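Everything on this sheet refers to the single structure shown next.
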Amino acid sequence: QVQLVESGGGLVQPGGSLRLSCAASEFTWDYYAIGWFRQAPGKEREGVSCIRRVDGITYYADSVKGRFTISRDNIKNTMYLQMNSLKPEDTAVYYCATGPGVVCAGYGYYASGTDYWGQGTQVTVSS
């Protein structure tokens with residue numbers, strides 16, 4: 001059974017840091033790129049960052065470049081998103097996603113409704 005389980009969200013002050021985790025079942029881990037989307041109230045879903053399995057190539061949205069770092073632990077089947085220098089505009093529900101329809105490239109990160117999604121974790125940046 002495919003499972004993605006996110007953790008690590010919470011409330012943090014502007015300028016603070018959080019680390020999100022996404023634990024994936026072995027089936028999904030071995031084949032596909034994986035990454036993070038976020039969606040804030042009233043806004044469209046945004047592909048934040050992703051990392052490819054085969055070559056480790058990463059993508060970051062312009063809004064998070066230089067502040068967020070994505071990584072994956074292939075022994076633990078877990079992906080991480082280290083978020084530093086957080087801003088109020090980073091407030092959103094963050095979802096990890098992977099699957100056969102995922103595209104992780106230098107120009108963006110895209111997934112479809114038929115790919116595998118986690119349940120989401122809330123990140124709130126506020127003083």
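Letters for chains follow the order of the structure tokens (A, B, ...), residue numbers begin at 1 for each chain, and ligand numbers begin at 1 in the order shown.
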
Shell around A:Ala61 at 8 Å using only C-alpha atoms, local window under 6 positions removed, as a tab-separated table (two decimals) with all heavy atoms, in the first residue's frame:
```tsv
chain	number	residue	atom	x	y	z
A	47	GLY	N	4.18	24.28	-6.47
A	47	GLY	CA	5.26	23.32	-6.35
A	47	GLY	C	6.47	24.00	-5.73
A	47	GLY	O	7.05	24.89	-6.34
A	48	VAL	N	6.83	23.62	-4.52
A	48	VAL	CA	7.88	24.31	-3.78
A	48	VAL	C	9.26	23.76	-4.10
A	48	VAL	O	10.19	24.52	-4.39
A	48	VAL	CB	7.61	24.17	-2.26
A	48	VAL	CG1	8.75	24.77	-1.45
A	48	VAL	CG2	6.29	24.82	-1.89
A	49	SER	N	9.40	22.44	-4.05
A	49	SER	CA	10.72	21.84	-4.24
A	49	SER	C	10.55	20.36	-4.51
A	49	SER	O	9.58	19.74	-4.08
A	49	SER	CB	11.58	22.04	-2.99
A	49	SER	OG	12.87	21.47	-3.15
A	108	GLY	N	10.34	23.28	-13.01
A	108	GLY	CA	9.21	23.17	-12.11
A	108	GLY	C	8.97	21.79	-11.57
A	108	GLY	O	9.68	20.83	-11.90
```

Between stretch 15-66 of chain A and stretch 74-88 of chain A, at 7 Å or less, what are the per-residue closest atom pairs and their distances in Å? Count only C-alpha atoms, order by chain and rising residue number, and return it as CSV.
```
residue,atom,partner,partner_atom,distance
A:Gly15,CA,A:Ser85,CA,4.1
A:Gly16,CA,A:Ser85,CA,5.5
A:Ser17,CA,A:Asn84,CA,4.4
A:Leu18,CA,A:Met83,CA,5.2
A:Arg19,CA,A:Gln82,CA,4.4
A:Leu20,CA,A:Leu81,CA,5.0
A:Ser21,CA,A:Tyr80,CA,4.6
A:Cys22,CA,A:Met79,CA,5.1
A:Ala23,CA,A:Thr78,CA,4.4
A:Ala24,CA,A:Asn77,CA,5.6
A:Ser25,CA,A:Asn77,CA,7.0
A:Glu26,CA,A:Asn77,CA,6.6
A:Trp29,CA,A:Asn77,CA,6.2
```

Which residues are near A:Phe37? Cut-off 9 Å, only C-alpha atoms, ignore same chain within fewer than 4 positions. Put them as a PDB file with all heavy atoms, in the first residue's frame.
```
ATOM      1  N   ARG A  45      -2.279  25.981  -5.601  1.00  0.00           N
ATOM      2  CA  ARG A  45      -1.228  25.099  -5.124  1.00  0.00           C
ATOM      3  C   ARG A  45       0.082  25.432  -5.839  1.00  0.00           C
ATOM      4  O   ARG A  45       0.111  25.671  -7.051  1.00  0.00           O
ATOM      5  CB  ARG A  45      -1.618  23.649  -5.390  1.00  0.00           C
ATOM      6  CG  ARG A  45      -0.703  22.615  -4.794  1.00  0.00           C
ATOM      7  CD  ARG A  45      -1.227  21.236  -5.074  1.00  0.00           C
ATOM      8  NE  ARG A  45      -1.204  20.914  -6.491  1.00  0.00           N
ATOM      9  CZ  ARG A  45      -1.870  19.902  -7.032  1.00  0.00           C
ATOM     10  NH1 ARG A  45      -2.635  19.145  -6.259  1.00  0.00           N
ATOM     11  NH2 ARG A  45      -1.780  19.657  -8.330  1.00  0.00           N
ATOM     12  N   GLU A  46       1.162  25.413  -5.093  1.00  0.00           N
ATOM     13  CA  GLU A  46       2.480  25.783  -5.629  1.00  0.00           C
ATOM     14  C   GLU A  46       3.469  24.638  -5.431  1.00  0.00           C
ATOM     15  O   GLU A  46       3.572  24.097  -4.326  1.00  0.00           O
ATOM     16  CB  GLU A  46       2.997  27.040  -4.913  1.00  0.00           C
ATOM     17  CG  GLU A  46       4.398  27.450  -5.316  1.00  0.00           C
ATOM     18  CD  GLU A  46       4.950  28.595  -4.480  1.00  0.00           C
ATOM     19  OE1 GLU A  46       4.452  28.820  -3.361  1.00  0.00           O
ATOM     20  OE2 GLU A  46       5.893  29.261  -4.937  1.00  0.00           O
ATOM     21  N   GLY A  47       4.178  24.285  -6.470  1.00  0.00           N
ATOM     22  CA  GLY A  47       5.262  23.316  -6.352  1.00  0.00           C
ATOM     23  C   GLY A  47       6.469  24.002  -5.729  1.00  0.00           C
ATOM     24  O   GLY A  47       7.052  24.886  -6.340  1.00  0.00           O
ATOM     25  N   VAL A  48       6.833  23.617  -4.525  1.00  0.00           N
ATOM     26  CA  VAL A  48       7.879  24.306  -3.775  1.00  0.00           C
ATOM     27  C   VAL A  48       9.263  23.762  -4.101  1.00  0.00           C
ATOM     28  O   VAL A  48      10.192  24.516  -4.386  1.00  0.00           O
ATOM     29  CB  VAL A  48       7.609  24.169  -2.264  1.00  0.00           C
ATOM     30  CG1 VAL A  48       8.749  24.772  -1.452  1.00  0.00           C
ATOM     31  CG2 VAL A  48       6.286  24.824  -1.892  1.00  0.00           C
ATOM     32  N   SER A  49       9.400  22.444  -4.048  1.00  0.00           N
ATOM     33  CA  SER A  49      10.716  21.839  -4.238  1.00  0.00           C
ATOM     34  C   SER A  49      10.550  20.361  -4.513  1.00  0.00           C
ATOM     35  O   SER A  49       9.576  19.741  -4.077  1.00  0.00           O
ATOM     36  CB  SER A  49      11.575  22.043  -2.988  1.00  0.00           C
ATOM     37  OG  SER A  49      12.869  21.467  -3.148  1.00  0.00           O
ATOM     38  N   CYS A  50      11.508  19.788  -5.236  1.00  0.00           N
ATOM     39  CA  CYS A  50      11.468  18.349  -5.486  1.00  0.00           C
ATOM     40  C   CYS A  50      12.890  17.837  -5.678  1.00  0.00           C
ATOM     41  O   CYS A  50      13.824  18.607  -5.900  1.00  0.00           O
ATOM     42  CB  CYS A  50      10.605  18.010  -6.696  1.00  0.00           C
ATOM     43  SG  CYS A  50      11.158  18.752  -8.238  1.00  0.00           S
ATOM     44  N   VAL A  93      -0.509  24.887   3.985  1.00  0.00           N
ATOM     45  CA  VAL A  93      -0.444  23.451   4.224  1.00  0.00           C
ATOM     46  C   VAL A  93       0.546  22.872   3.217  1.00  0.00           C
ATOM     47  O   VAL A  93       0.443  23.139   2.014  1.00  0.00           O
ATOM     48  CB  VAL A  93      -1.821  22.781   4.069  1.00  0.00           C
ATOM     49  CG1 VAL A  93      -1.699  21.275   4.293  1.00  0.00           C
ATOM     50  CG2 VAL A  93      -2.822  23.383   5.047  1.00  0.00           C
ATOM     51  N   TYR A  94       1.487  22.115   3.725  1.00  0.00           N
ATOM     52  CA  TYR A  94       2.528  21.525   2.882  1.00  0.00           C
ATOM     53  C   TYR A  94       2.225  20.046   2.677  1.00  0.00           C
ATOM     54  O   TYR A  94       1.969  19.310   3.634  1.00  0.00           O
ATOM     55  CB  TYR A  94       3.892  21.700   3.546  1.00  0.00           C
ATOM     56  CG  TYR A  94       4.424  23.108   3.431  1.00  0.00           C
ATOM     57  CD1 TYR A  94       3.835  24.149   4.151  1.00  0.00           C
ATOM     58  CD2 TYR A  94       5.505  23.411   2.606  1.00  0.00           C
ATOM     59  CE1 TYR A  94       4.308  25.444   4.041  1.00  0.00           C
ATOM     60  CE2 TYR A  94       5.990  24.699   2.492  1.00  0.00           C
ATOM     61  CZ  TYR A  94       5.383  25.718   3.211  1.00  0.00           C
ATOM     62  OH  TYR A  94       5.859  27.010   3.091  1.00  0.00           O
ATOM     63  N   TYR A  95       2.290  19.630   1.421  1.00  0.00           N
ATOM     64  CA  TYR A  95       2.001  18.249   1.045  1.00  0.00           C
ATOM     65  C   TYR A  95       3.209  17.650   0.337  1.00  0.00           C
ATOM     66  O   TYR A  95       3.808  18.308  -0.514  1.00  0.00           O
ATOM     67  CB  TYR A  95       0.819  18.168   0.083  1.00  0.00           C
ATOM     68  CG  TYR A  95      -0.470  18.744   0.592  1.00  0.00           C
ATOM     69  CD1 TYR A  95      -0.781  20.080   0.406  1.00  0.00           C
ATOM     70  CD2 TYR A  95      -1.392  17.931   1.239  1.00  0.00           C
ATOM     71  CE1 TYR A  95      -1.978  20.612   0.855  1.00  0.00           C
ATOM     72  CE2 TYR A  95      -2.601  18.443   1.696  1.00  0.00           C
ATOM     73  CZ  TYR A  95      -2.888  19.789   1.502  1.00  0.00           C
ATOM     74  OH  TYR A  95      -4.069  20.289   1.955  1.00  0.00           O
ATOM     75  N   CYS A  96       3.531  16.414   0.639  1.00  0.00           N
ATOM     76  CA  CYS A  96       4.508  15.728  -0.187  1.00  0.00           C
ATOM     77  C   CYS A  96       3.765  14.878  -1.215  1.00  0.00           C
ATOM     78  O   CYS A  96       2.632  14.430  -0.969  1.00  0.00           O
ATOM     79  CB  CYS A  96       5.488  14.885   0.622  1.00  0.00           C
ATOM     80  SG  CYS A  96       4.790  13.532   1.571  1.00  0.00           S
ATOM     81  N   ALA A  97       4.379  14.697  -2.351  1.00  0.00           N
ATOM     82  CA  ALA A  97       3.732  13.982  -3.444  1.00  0.00           C
ATOM     83  C   ALA A  97       4.780  13.268  -4.283  1.00  0.00           C
ATOM     84  O   ALA A  97       5.895  13.759  -4.462  1.00  0.00           O
ATOM     85  CB  ALA A  97       2.925  14.928  -4.315  1.00  0.00           C
ATOM     86  N   TYR A 109       7.937  21.687 -10.734  1.00  0.00           N
ATOM     87  CA  TYR A 109       7.560  20.427 -10.099  1.00  0.00           C
ATOM     88  C   TYR A 109       6.044  20.305 -10.236  1.00  0.00           C
ATOM     89  O   TYR A 109       5.307  21.199  -9.808  1.00  0.00           O
ATOM     90  CB  TYR A 109       7.970  20.458  -8.635  1.00  0.00           C
ATOM     91  CG  TYR A 109       7.507  19.295  -7.807  1.00  0.00           C
ATOM     92  CD1 TYR A 109       7.565  17.995  -8.284  1.00  0.00           C
ATOM     93  CD2 TYR A 109       7.032  19.493  -6.517  1.00  0.00           C
ATOM     94  CE1 TYR A 109       7.150  16.932  -7.511  1.00  0.00           C
ATOM     95  CE2 TYR A 109       6.619  18.438  -5.739  1.00  0.00           C
ATOM     96  CZ  TYR A 109       6.678  17.150  -6.243  1.00  0.00           C
ATOM     97  OH  TYR A 109       6.268  16.104  -5.481  1.00  0.00           O
ATOM     98  N   TYR A 110       5.593  19.223 -10.829  1.00  0.00           N
ATOM     99  CA  TYR A 110       4.180  19.040 -11.136  1.00  0.00           C
ATOM    100  C   TYR A 110       3.761  17.625 -10.765  1.00  0.00           C
ATOM    101  O   TYR A 110       4.524  16.677 -10.929  1.00  0.00           O
ATOM    102  CB  TYR A 110       3.931  19.277 -12.631  1.00  0.00           C
ATOM    103  CG  TYR A 110       4.448  20.605 -13.116  1.00  0.00           C
ATOM    104  CD1 TYR A 110       5.716  20.712 -13.678  1.00  0.00           C
ATOM    105  CD2 TYR A 110       3.690  21.758 -12.973  1.00  0.00           C
ATOM    106  CE1 TYR A 110       6.213  21.926 -14.099  1.00  0.00           C
ATOM    107  CE2 TYR A 110       4.177  22.978 -13.389  1.00  0.00           C
ATOM    108  CZ  TYR A 110       5.439  23.060 -13.952  1.00  0.00           C
ATOM    109  OH  TYR A 110       5.913  24.272 -14.356  1.00  0.00           O
TER     110      TYR A 110
END
```

Exercise for review: Please return as a ChimeraX atom specification: the residues of chain A that backbone DSSP assigns to strand (DSSP E or B).
Suggested key: /A:4-7,10-12,18-24,34-39,46-51,58-60,68-73,78-83,92-98,103-105,108-110,116-117,121-125

Practice item. Find the residues around A:Asp55 up to 12 Å (only C-alpha atoms counted), leave out those fewer than 2 positions away in its own chain, and share them as a ChimeraX atom specification. Key: /A:31-33,51-53,57-58,72,104-105

Write out the residues from the selection above, keeping C-alpha atoms, as a PDB file, in the first residue's frame.
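Done, and the output landed in out-v1.pdb:
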```pdb
ATOM      1  CA  TYR A  31      10.981   4.753  -8.650  1.00  0.00           C
ATOM      2  CA  TYR A  32       9.824   8.339  -8.601  1.00  0.00           C
ATOM      3  CA  ALA A  33      10.876  11.865  -7.904  1.00  0.00           C
ATOM      4  CA  ILE A  51      14.318  15.876  -5.775  1.00  0.00           C
ATOM      5  CA  ARG A  52      14.840  13.094  -8.285  1.00  0.00           C
ATOM      6  CA  ARG A  53      15.701   9.536  -7.336  1.00  0.00           C
ATOM      7  CA  ILE A  57      18.668  16.800  -9.255  1.00  0.00           C
ATOM      8  CA  THR A  58      16.621  19.313  -7.286  1.00  0.00           C
ATOM      9  CA  ARG A  72      16.337  12.459   0.904  1.00  0.00           C
ATOM     10  CA  CYS A 104      10.650  17.224 -11.328  1.00  0.00           C
ATOM     11  CA  ALA A 105      12.790  19.361 -13.578  1.00  0.00           C
TER      12      ALA A 105
END
```
